[in-house]
Amino acid sequence: WGGAAGDSGGGNDIQWCFSQVKGAVDDDVAEADIISTVEFNHSGELLATGDKGGRVVIFQQEQENKTQSHSRGEYNVYSTFQSHEPEFDYLKSLEIEEKINKIRWLPQKNAAQFLLSTNDKTIKLWKISERDKRPEGYNLKEEDGRYRDPTTVTTLRVPVFRPMDLMVEASPRRIFANAHTYHINSISINSDYETYLSADDLRINLWHLEITDRSFNIVDIKPANMEELTEVITAAEFHPNSCNTFVYSSSKGTIRLCDMRASALCDRHSKLFEEPEDPSNRSFFSEIISSISDVKFSHSGRYMMTRDYLSVKIWDLNMENRPVETYQVHEYLRSKLCSLYENDCIFDKFECCWNGSDSIVMTGSYNNFFRMFDRNTKRDITLEASRENNKPRTVLKPRKVCASGKRKKDEISVDSLDFNKKILHTAWHPKENIIAVATTNNLYIFQDKMN
């Protein structure tokens, strides 16, 4: 199903296979273990997850085994560290959760890796480095670290490096704090690799990666009188190769594209992307379900994808009045909005992602289903992340949901969907057909069936 990474669709269809699952098997989920973000690095060799307990776990892809050419390297734990701790804001009497909202990798410049992680209030720049040698043979101290009496030193030794077991160290190099009054929902690294933005409900700030004590406010939509508040910022992202351009989405379903060359405060957008509402679908819930939960530029920088509650839309940056493609994620839920409002699911924030060649997009749904849409063939598929069929190389069977009427044998009825099992976070390897899908507290890795 779908075109291979470099292929424009058609002939070679991807068959997705189970590869691995990470995390506890038991059904009672510890709150701290719930995965809150998933992100591949630029080469795809590393895969990071953040969770509600403030931890970051990094998986590394093993080098391919030459004897078994069909087995692609598995991902194994490379480093785990506590990124954020719970805090308390004494001025406002508010607890600040340790939950990791977003992780963004910096492009690799030397042997070490760097990533940004953020909770609601504080962004941290982490350095992840390897140590496999240690110095021995100091003149002034023993091997166990005790200092020697200088009068007993009669010869001069040259210290040497000796091999040791590999240690992966994570150390916080910068802490960017105290710049957000509201909760941070997005961070995005600029293509100049020197600056990044952070967005909360009402403001977007621009930072330099080396400077922690000041940031520039580039968007501020806070009204003078908070009672006039009608919309909030839901996501923001820098353009992948035009360093002066960024977009932010709103709870009203609009996307604004801003140009930092135009003025220091980007309150006047350059472009406003908005689709007029279909009057036939108008309902009490229209405003809620039109809120955009995620926005992502394509790798090429020509398109952007937005996710609202029921659909994924692809916009051409040169056309503001409507999207060029619209994909229904779970249209069968339109008749269920009332109960989804009552159980708060209607406020779930689903993310979306592109494959490496921008030909397929992926996003999550309920019942641990996730969806893919092939932009060339216009075919779509529903797959399930579950422990039922988790023998490696088991091909995933497409799932079908029956909206109403008579249910066919292998279809699932809408009323039996589990709304507590939801896939909000997914990631696609930048170069290969390998995907990471987070279900509550488990991370599934799927890959295409290698012929």
# chains A, B, ... in the order shown; residues from 1 in each chain; ligands from 1
$ closest_atom_pairs --of "region 118-215 of chain A" --to "region 265-275 of chain A" --cutoff "12 Å" --atoms "only C-alpha atoms" --output "JSON lines"
{"residue": "A:Leu202", "atom": "CA", "partner": "A:Asp267", "partner_atom": "CA", "distance": 11.5}
{"residue": "A:Arg203", "atom": "CA", "partner": "A:Asp267", "partner_atom": "CA", "distance": 10.2}
{"residue": "A:Ile204", "atom": "CA", "partner": "A:Cys266", "partner_atom": "CA", "distance": 9.5}
{"residue": "A:Asn205", "atom": "CA", "partner": "A:Leu265", "partner_atom": "CA", "distance": 10.1}
{"residue": "A:Leu206", "atom": "CA", "partner": "A:Leu265", "partner_atom": "CA", "distance": 10.6}
$ write_last_selection --atoms "C-alpha atoms" --output "CSV table (one decimal), in the first residue's frame"
chain,number,residue,atom,x,y,z
A,202,LEU,CA,-1.2,33.8,23.3
A,203,ARG,CA,2.4,34.5,22.5
A,204,ILE,CA,5.4,33.3,20.4
A,205,ASN,CA,9.0,34.0,21.4
A,206,LEU,CA,12.2,33.9,19.4
$ closest_atom_pairs --of "region 190-259 of chain A" --to "region 166-174 of chain A" --cutoff "12 Å" --atoms "only C-alpha atoms" --output "CSV"
residue,atom,partner,partner_atom,distance
A:Trp207,CA,A:Arg174,CA,11.6
A:His208,CA,A:Arg174,CA,10.7
A:Leu209,CA,A:Arg174,CA,7.9
A:Glu210,CA,A:Arg174,CA,7.5
A:Ile211,CA,A:Arg174,CA,8.2
A:Thr212,CA,A:Arg174,CA,6.7
A:Asp213,CA,A:Arg174,CA,10.1
$ write_last_selection --atoms "N, CA and C atoms" --output "compact mmCIF listing (two decimals), in the first residue's frame"
# COMPACT_ATOMS: atom_id res chain seq x y z
N TRP A 207 14.13 32.78 20.32
CA TRP A 207 15.31 32.62 21.17
C TRP A 207 16.55 32.41 20.32
N HIS A 208 17.71 32.74 20.89
CA HIS A 208 18.98 32.28 20.34
C HIS A 208 19.43 31.11 21.19
N LEU A 209 19.93 30.06 20.56
CA LEU A 209 20.28 28.84 21.29
C LEU A 209 21.37 29.05 22.34
N GLU A 210 22.15 30.13 22.20
CA GLU A 210 23.23 30.38 23.16
C GLU A 210 22.82 31.32 24.28
N ILE A 211 21.68 31.99 24.13
CA ILE A 211 21.32 33.07 25.07
C ILE A 211 20.06 32.69 25.84
N THR A 212 20.19 32.54 27.15
CA THR A 212 19.06 32.06 27.94
C THR A 212 18.32 33.16 28.69
N ASP A 213 18.94 34.34 28.82
CA ASP A 213 18.31 35.34 29.70
C ASP A 213 17.44 36.34 28.96
$ atom_distance --atom1 "CA of Lys296 (chain A)" --atom2 "CA of Lys102 (chain A)"
13.6 Å
$ closest_atom_pairs --of "region 242-306 of chain A" --to "region 184-187 of chain A" --cutoff "10 Å" --atoms "only C-alpha atoms" --output "Markdown table"
| residue | atom | partner | partner_atom | distance |
| --- | --- | --- | --- | --- |
| A:Tyr248 | CA | A:Ser186 | CA | 9.6 |
| A:Ser293 | CA | A:Asn185 | CA | 9.9 |
| A:Asp294 | CA | A:Ser186 | CA | 9.4 |
$ write_last_selection --atoms "all heavy atoms" --output "short mmCIF file (atom, residue, chain, number, x, y, z; two decimals), in the first residue's frame"
data_model
loop_
_atom_site.label_atom_id
_atom_site.label_comp_id
_atom_site.auth_asym_id
_atom_site.auth_seq_id
_atom_site.Cartn_x
_atom_site.Cartn_y
_atom_site.Cartn_z
N TYR A 248 1.66 29.93 12.40
CA TYR A 248 1.03 29.46 13.63
C TYR A 248 -0.45 29.24 13.37
O TYR A 248 -1.06 29.93 12.54
CB TYR A 248 1.28 30.40 14.80
CG TYR A 248 0.66 31.77 14.73
CD1 TYR A 248 -0.59 32.03 15.30
CD2 TYR A 248 1.34 32.84 14.13
CE1 TYR A 248 -1.15 33.30 15.26
CE2 TYR A 248 0.78 34.11 14.08
CZ TYR A 248 -0.48 34.33 14.65
OH TYR A 248 -1.03 35.58 14.61
N SER A 293 -5.07 21.22 15.75
CA SER A 293 -4.25 20.66 16.83
C SER A 293 -2.78 20.53 16.44
O SER A 293 -1.92 20.39 17.30
CB SER A 293 -4.80 19.30 17.26
OG SER A 293 -4.96 18.45 16.14
N ASP A 294 -2.47 20.56 15.13
CA ASP A 294 -1.07 20.42 14.72
C ASP A 294 -0.90 21.04 13.34
O ASP A 294 -1.81 21.01 12.51
CB ASP A 294 -0.68 18.94 14.69
CG ASP A 294 0.84 18.73 14.65
OD1 ASP A 294 1.58 19.68 14.99
OD2 ASP A 294 1.28 17.62 14.30
#
$ select_by_dssp --residues "region 275-448 of chain A" --states "alpha helix (DSSP H)" --output "VMD selection string"
chain A and resid 286 to 290 337 to 342
$ write_last_selection --atoms "N, CA, C and O atoms" --output "mmCIF file, in the first residue's frame"
data_model
loop_
_atom_site.group_PDB
_atom_site.id
_atom_site.type_symbol
_atom_site.label_atom_id
_atom_site.label_comp_id
_atom_site.auth_asym_id
_atom_site.auth_seq_id
_atom_site.Cartn_x
_atom_site.Cartn_y
_atom_site.Cartn_z
ATOM 1 N N SER A 286 -19.201 22.953 15.681
ATOM 2 C CA SER A 286 -18.368 23.383 14.541
ATOM 3 C C SER A 286 -17.092 24.074 14.980
ATOM 4 O O SER A 286 -16.008 23.792 14.479
ATOM 5 N N GLU A 287 -17.231 25.007 15.922
ATOM 6 C CA GLU A 287 -16.056 25.777 16.329
ATOM 7 C C GLU A 287 -15.014 24.897 17.005
ATOM 8 O O GLU A 287 -13.821 25.001 16.728
ATOM 9 N N ILE A 288 -15.479 23.993 17.882
ATOM 10 C CA ILE A 288 -14.528 23.135 18.605
ATOM 11 C C ILE A 288 -13.764 22.237 17.641
ATOM 12 O O ILE A 288 -12.546 22.114 17.719
ATOM 13 N N ILE A 289 -14.495 21.607 16.704
ATOM 14 C CA ILE A 289 -13.817 20.628 15.844
ATOM 15 C C ILE A 289 -13.002 21.295 14.741
ATOM 16 O O ILE A 289 -12.188 20.641 14.094
ATOM 17 N N SER A 290 -13.177 22.611 14.535
ATOM 18 C CA SER A 290 -12.343 23.277 13.517
ATOM 19 C C SER A 290 -11.015 23.738 14.107
ATOM 20 O O SER A 290 -10.113 24.148 13.376
ATOM 21 N N LEU A 337 -20.483 13.372 18.050
ATOM 22 C CA LEU A 337 -19.795 14.507 18.676
ATOM 23 C C LEU A 337 -20.363 14.839 20.049
ATOM 24 O O LEU A 337 -19.650 15.292 20.940
ATOM 25 N N CYS A 338 -21.650 14.584 20.236
ATOM 26 C CA CYS A 338 -22.275 14.919 21.516
ATOM 27 C C CYS A 338 -21.635 14.130 22.664
ATOM 28 O O CYS A 338 -21.228 14.694 23.681
ATOM 29 N N SER A 339 -21.509 12.826 22.485
ATOM 30 C CA SER A 339 -20.905 12.027 23.559
ATOM 31 C C SER A 339 -19.401 12.285 23.661
ATOM 32 O O SER A 339 -18.828 12.191 24.748
ATOM 33 N N LEU A 340 -18.764 12.613 22.531
ATOM 34 C CA LEU A 340 -17.325 12.929 22.586
ATOM 35 C C LEU A 340 -17.086 14.252 23.310
ATOM 36 O O LEU A 340 -16.023 14.466 23.884
ATOM 37 N N TYR A 341 -18.083 15.120 23.263
ATOM 38 C CA TYR A 341 -18.003 16.378 24.009
ATOM 39 C C TYR A 341 -18.174 16.096 25.499
ATOM 40 O O TYR A 341 -17.442 16.618 26.339
ATOM 41 N N GLU A 342 -19.107 15.209 25.814
ATOM 42 C CA GLU A 342 -19.362 14.907 27.218
ATOM 43 C C GLU A 342 -18.182 14.214 27.885
ATOM 44 O O GLU A 342 -17.898 14.448 29.053
#
$ select_by_dssp --residues "region 159-264 of chain A" --states "strand (DSSP E or B)" --output "short mmCIF file (atom, residue, chain, number, x, y, z; two decimals) with N, CA and C atoms, in the first residue's frame"
data_model
loop_
_atom_site.label_atom_id
_atom_site.label_comp_id
_atom_site.auth_asym_id
_atom_site.auth_seq_id
_atom_site.Cartn_x
_atom_site.Cartn_y
_atom_site.Cartn_z
N VAL A 160 47.35 8.30 30.53
CA VAL A 160 46.91 7.69 29.26
C VAL A 160 45.42 7.43 29.31
N PHE A 161 44.82 7.34 28.13
CA PHE A 161 43.40 6.97 28.04
C PHE A 161 43.29 5.46 27.94
N ARG A 162 42.44 4.88 28.77
CA ARG A 162 42.17 3.44 28.71
C ARG A 162 40.72 3.22 28.31
N PRO A 163 40.46 2.17 27.52
CA PRO A 163 39.07 1.89 27.14
C PRO A 163 38.22 1.54 28.36
N MET A 164 36.95 1.90 28.32
CA MET A 164 36.02 1.50 29.37
C MET A 164 34.67 1.20 28.72
N ASP A 165 33.72 0.69 29.50
CA ASP A 165 32.38 0.43 28.96
C ASP A 165 31.75 1.74 28.51
N LEU A 166 31.00 1.65 27.42
CA LEU A 166 30.39 2.85 26.86
C LEU A 166 29.42 3.47 27.85
N MET A 167 29.57 4.77 28.07
CA MET A 167 28.63 5.51 28.91
C MET A 167 27.99 6.59 28.05
N VAL A 168 26.67 6.70 28.11
CA VAL A 168 26.00 7.79 27.41
C VAL A 168 25.54 8.78 28.47
N GLU A 169 26.02 10.01 28.34
CA GLU A 169 25.71 11.04 29.34
C GLU A 169 24.78 12.08 28.74
N ALA A 170 23.79 12.49 29.52
CA ALA A 170 22.92 13.59 29.10
C ALA A 170 23.13 14.73 30.09
N SER A 171 23.48 15.90 29.58
CA SER A 171 23.68 17.03 30.49
C SER A 171 22.96 18.26 29.95
N PRO A 172 22.29 19.01 30.84
CA PRO A 172 21.57 20.20 30.38
C PRO A 172 22.57 21.33 30.13
N ARG A 173 22.65 21.81 28.89
CA ARG A 173 23.62 22.85 28.55
C ARG A 173 23.03 24.25 28.67
N ARG A 174 21.73 24.38 28.43
CA ARG A 174 21.07 25.69 28.54
C ARG A 174 19.69 25.48 29.12
N ILE A 175 19.24 26.43 29.93
CA ILE A 175 17.87 26.39 30.45
C ILE A 175 17.21 27.73 30.13
N PHE A 176 16.14 27.66 29.33
CA PHE A 176 15.43 28.86 28.87
C PHE A 176 14.14 28.96 29.68
N ILE A 184 3.37 26.32 27.19
CA ILE A 184 4.07 26.16 25.91
C ILE A 184 3.48 24.96 25.17
N ASN A 185 3.08 25.17 23.91
CA ASN A 185 2.56 24.05 23.12
C ASN A 185 3.49 23.63 21.98
N SER A 186 4.43 24.48 21.60
CA SER A 186 5.30 24.16 20.45
C SER A 186 6.69 24.74 20.65
N ILE A 187 7.68 24.01 20.14
CA ILE A 187 9.00 24.59 19.91
C ILE A 187 9.42 24.19 18.50
N SER A 188 10.16 25.06 17.83
CA SER A 188 10.56 24.77 16.45
C SER A 188 11.91 25.43 16.19
N ILE A 189 12.85 24.64 15.67
CA ILE A 189 14.20 25.16 15.42
C ILE A 189 14.25 25.77 14.02
N THR A 195 18.66 29.85 16.01
CA THR A 195 17.52 30.39 16.75
C THR A 195 16.39 29.37 16.75
N TYR A 196 15.45 29.57 17.66
CA TYR A 196 14.26 28.72 17.66
C TYR A 196 13.10 29.52 18.22
N LEU A 197 11.88 29.04 17.98
CA LEU A 197 10.72 29.71 18.54
C LEU A 197 10.05 28.81 19.57
N SER A 198 9.36 29.44 20.50
CA SER A 198 8.50 28.71 21.44
C SER A 198 7.17 29.43 21.48
N ALA A 199 6.08 28.65 21.45
CA ALA A 199 4.74 29.24 21.40
C ALA A 199 3.92 28.78 22.59
N ASP A 200 3.17 29.73 23.17
CA ASP A 200 2.17 29.33 24.17
C ASP A 200 0.79 29.77 23.64
N ARG A 203 1.22 33.85 22.93
CA ARG A 203 2.44 34.53 22.46
C ARG A 203 3.43 33.55 21.85
N ILE A 204 4.25 34.09 20.94
CA ILE A 204 5.36 33.31 20.38
C ILE A 204 6.65 34.09 20.63
N ASN A 205 7.66 33.41 21.15
CA ASN A 205 8.95 34.03 21.44
C ASN A 205 10.04 33.45 20.54
N LEU A 206 11.00 34.30 20.22
CA LEU A 206 12.16 33.89 19.42
C LEU A 206 13.39 33.89 20.32
N TRP A 207 14.13 32.78 20.32
CA TRP A 207 15.31 32.62 21.17
C TRP A 207 16.55 32.41 20.32
N HIS A 208 17.71 32.74 20.89
CA HIS A 208 18.98 32.28 20.34
C HIS A 208 19.43 31.11 21.19
N ILE A 211 21.68 31.99 24.13
CA ILE A 211 21.32 33.07 25.07
C ILE A 211 20.06 32.69 25.84
N THR A 212 20.19 32.54 27.15
CA THR A 212 19.06 32.06 27.94
C THR A 212 18.32 33.16 28.69
N ASP A 213 18.94 34.34 28.82
CA ASP A 213 18.31 35.34 29.70
C ASP A 213 17.44 36.34 28.96
N ARG A 214 17.28 36.18 27.65
CA ARG A 214 16.34 37.05 26.96
C ARG A 214 15.83 36.38 25.67
N SER A 215 14.59 36.71 25.35
CA SER A 215 14.00 36.25 24.10
C SER A 215 13.19 37.41 23.54
N PHE A 216 12.91 37.35 22.24
CA PHE A 216 12.11 38.39 21.60
C PHE A 216 10.70 37.90 21.40
N ASN A 217 9.73 38.71 21.79
CA ASN A 217 8.34 38.36 21.55
C ASN A 217 8.00 38.72 20.10
N ILE A 218 7.66 37.72 19.28
CA ILE A 218 7.40 38.00 17.86
C ILE A 218 5.92 37.95 17.51
N VAL A 219 5.10 37.29 18.33
CA VAL A 219 3.65 37.32 18.13
C VAL A 219 2.99 37.46 19.50
N ASP A 220 2.01 38.35 19.56
CA ASP A 220 1.27 38.53 20.81
C ASP A 220 -0.19 38.77 20.45
N ILE A 233 -3.45 30.40 20.31
CA ILE A 233 -2.48 29.76 19.41
C ILE A 233 -2.39 28.28 19.80
N THR A 234 -2.48 27.40 18.81
CA THR A 234 -2.46 25.97 19.12
C THR A 234 -1.15 25.28 18.71
N ALA A 235 -0.45 25.84 17.70
CA ALA A 235 0.81 25.24 17.25
C ALA A 235 1.56 26.27 16.42
N ALA A 236 2.89 26.10 16.33
CA ALA A 236 3.70 27.02 15.53
C ALA A 236 4.91 26.27 15.00
N GLU A 237 5.34 26.64 13.80
CA GLU A 237 6.51 25.97 13.22
C GLU A 237 7.23 26.88 12.24
N PHE A 238 8.58 26.79 12.25
CA PHE A 238 9.40 27.49 11.27
C PHE A 238 9.37 26.74 9.94
N THR A 245 10.53 32.79 7.75
CA THR A 245 9.11 32.46 7.66
C THR A 245 8.69 31.45 8.72
N PHE A 246 7.56 31.72 9.37
CA PHE A 246 6.99 30.72 10.27
C PHE A 246 5.47 30.79 10.17
N VAL A 247 4.81 29.74 10.65
CA VAL A 247 3.35 29.74 10.68
C VAL A 247 2.88 29.45 12.09
N TYR A 248 1.66 29.93 12.40
CA TYR A 248 1.03 29.46 13.63
C TYR A 248 -0.45 29.24 13.37
N SER A 249 -1.00 28.24 14.05
CA SER A 249 -2.40 27.87 13.85
C SER A 249 -3.19 28.32 15.07
N SER A 250 -4.51 28.42 14.88
CA SER A 250 -5.33 28.91 15.98
C SER A 250 -6.50 27.98 16.25
N ILE A 255 -4.70 29.50 9.86
CA ILE A 255 -3.24 29.41 9.93
C ILE A 255 -2.70 30.73 9.40
N ARG A 256 -1.82 31.35 10.18
CA ARG A 256 -1.21 32.61 9.74
C ARG A 256 0.26 32.37 9.43
N LEU A 257 0.66 32.85 8.26
CA LEU A 257 2.06 32.78 7.88
C LEU A 257 2.68 34.15 8.08
N CYS A 258 3.80 34.22 8.78
CA CYS A 258 4.42 35.51 9.12
C CYS A 258 5.83 35.58 8.55
N ASP A 259 6.24 36.79 8.23
CA ASP A 259 7.57 37.05 7.69
C ASP A 259 8.30 37.97 8.66
#
$ atom_distance --atom1 "CA of Ile14 (chain A)" --atom2 "CA of Leu396 (chain A)"
10.8 Å
$ residues_around --residues "Ser335 (chain A)" --least-positions-apart "2" --cutoff "12 Å" --atoms "only C-alpha atoms" --output "count of residues only"
17
$ residues_around --residues "region 40-51 of chain A" --least-positions-apart "4" --cutoff "10 Å" --atoms "only C-alpha atoms" --output "MDAnalysis selection string"
chainID A and resid 31:36 55:63 73 75:83 98:108 113:115 117:119 425:432 434:436 438 440:441 443
$ atom_distance --atom1 "CA of Arg334 (chain A)" --atom2 "CA of Ile360 (chain A)"
24.4 Å
$ residues_around --residues "region 321-328 of chain A" --least-positions-apart "5" --cutoff "6 Å" --atoms "only C-alpha atoms" --output "PDB file with N, CA, C and O atoms, in the first residue's frame"
ATOM      1  N   GLU A 274      -7.404  29.902   5.364  1.00  0.00           N
ATOM      2  CA  GLU A 274      -8.659  29.591   6.038  1.00  0.00           C
ATOM      3  C   GLU A 274      -9.637  29.052   5.020  1.00  0.00           C
ATOM      4  O   GLU A 274      -9.735  29.576   3.911  1.00  0.00           O
ATOM      5  N   GLU A 275     -10.343  27.995   5.406  1.00  0.00           N
ATOM      6  CA  GLU A 275     -11.343  27.437   4.502  1.00  0.00           C
ATOM      7  C   GLU A 275     -12.727  27.841   4.993  1.00  0.00           C
ATOM      8  O   GLU A 275     -13.041  27.637   6.160  1.00  0.00           O
ATOM      9  N   SER A 311     -10.316  15.879  10.438  1.00  0.00           N
ATOM     10  CA  SER A 311      -9.663  15.790   9.124  1.00  0.00           C
ATOM     11  C   SER A 311      -8.215  16.254   9.128  1.00  0.00           C
ATOM     12  O   SER A 311      -7.747  16.890  10.070  1.00  0.00           O
ATOM     13  N   VAL A 312      -7.530  15.897   8.034  1.00  0.00           N
ATOM     14  CA  VAL A 312      -6.183  16.396   7.737  1.00  0.00           C
ATOM     15  C   VAL A 312      -6.296  17.202   6.448  1.00  0.00           C
ATOM     16  O   VAL A 312      -6.912  16.749   5.482  1.00  0.00           O
ATOM     17  N   LYS A 313      -5.706  18.408   6.451  1.00  0.00           N
ATOM     18  CA  LYS A 313      -5.749  19.237   5.250  1.00  0.00           C
ATOM     19  C   LYS A 313      -4.329  19.560   4.796  1.00  0.00           C
ATOM     20  O   LYS A 313      -3.462  19.813   5.630  1.00  0.00           O
ATOM     21  N   ILE A 314      -4.119  19.538   3.500  1.00  0.00           N
ATOM     22  CA  ILE A 314      -2.830  19.922   2.914  1.00  0.00           C
ATOM     23  C   ILE A 314      -3.032  21.257   2.201  1.00  0.00           C
ATOM     24  O   ILE A 314      -3.931  21.389   1.367  1.00  0.00           O
ATOM     25  N   TRP A 315      -2.195  22.223   2.559  1.00  0.00           N
ATOM     26  CA  TRP A 315      -2.287  23.560   1.963  1.00  0.00           C
ATOM     27  C   TRP A 315      -1.051  23.811   1.107  1.00  0.00           C
ATOM     28  O   TRP A 315       0.059  23.467   1.495  1.00  0.00           O
TER      29      TRP A 315
END
$ closest_residue --among "A:Arg399, A:Glu277, A:Ala112, A:Pro159" --to "Glu143 (chain A)" --atoms "only C-alpha atoms"
A:Pro159
$ closest_residue --among "A:Asn442, A:Ser263, A:Gln447, A:Ser242" --to "Thr37 (chain A)" --atoms "only C-alpha atoms"
A:Asn442
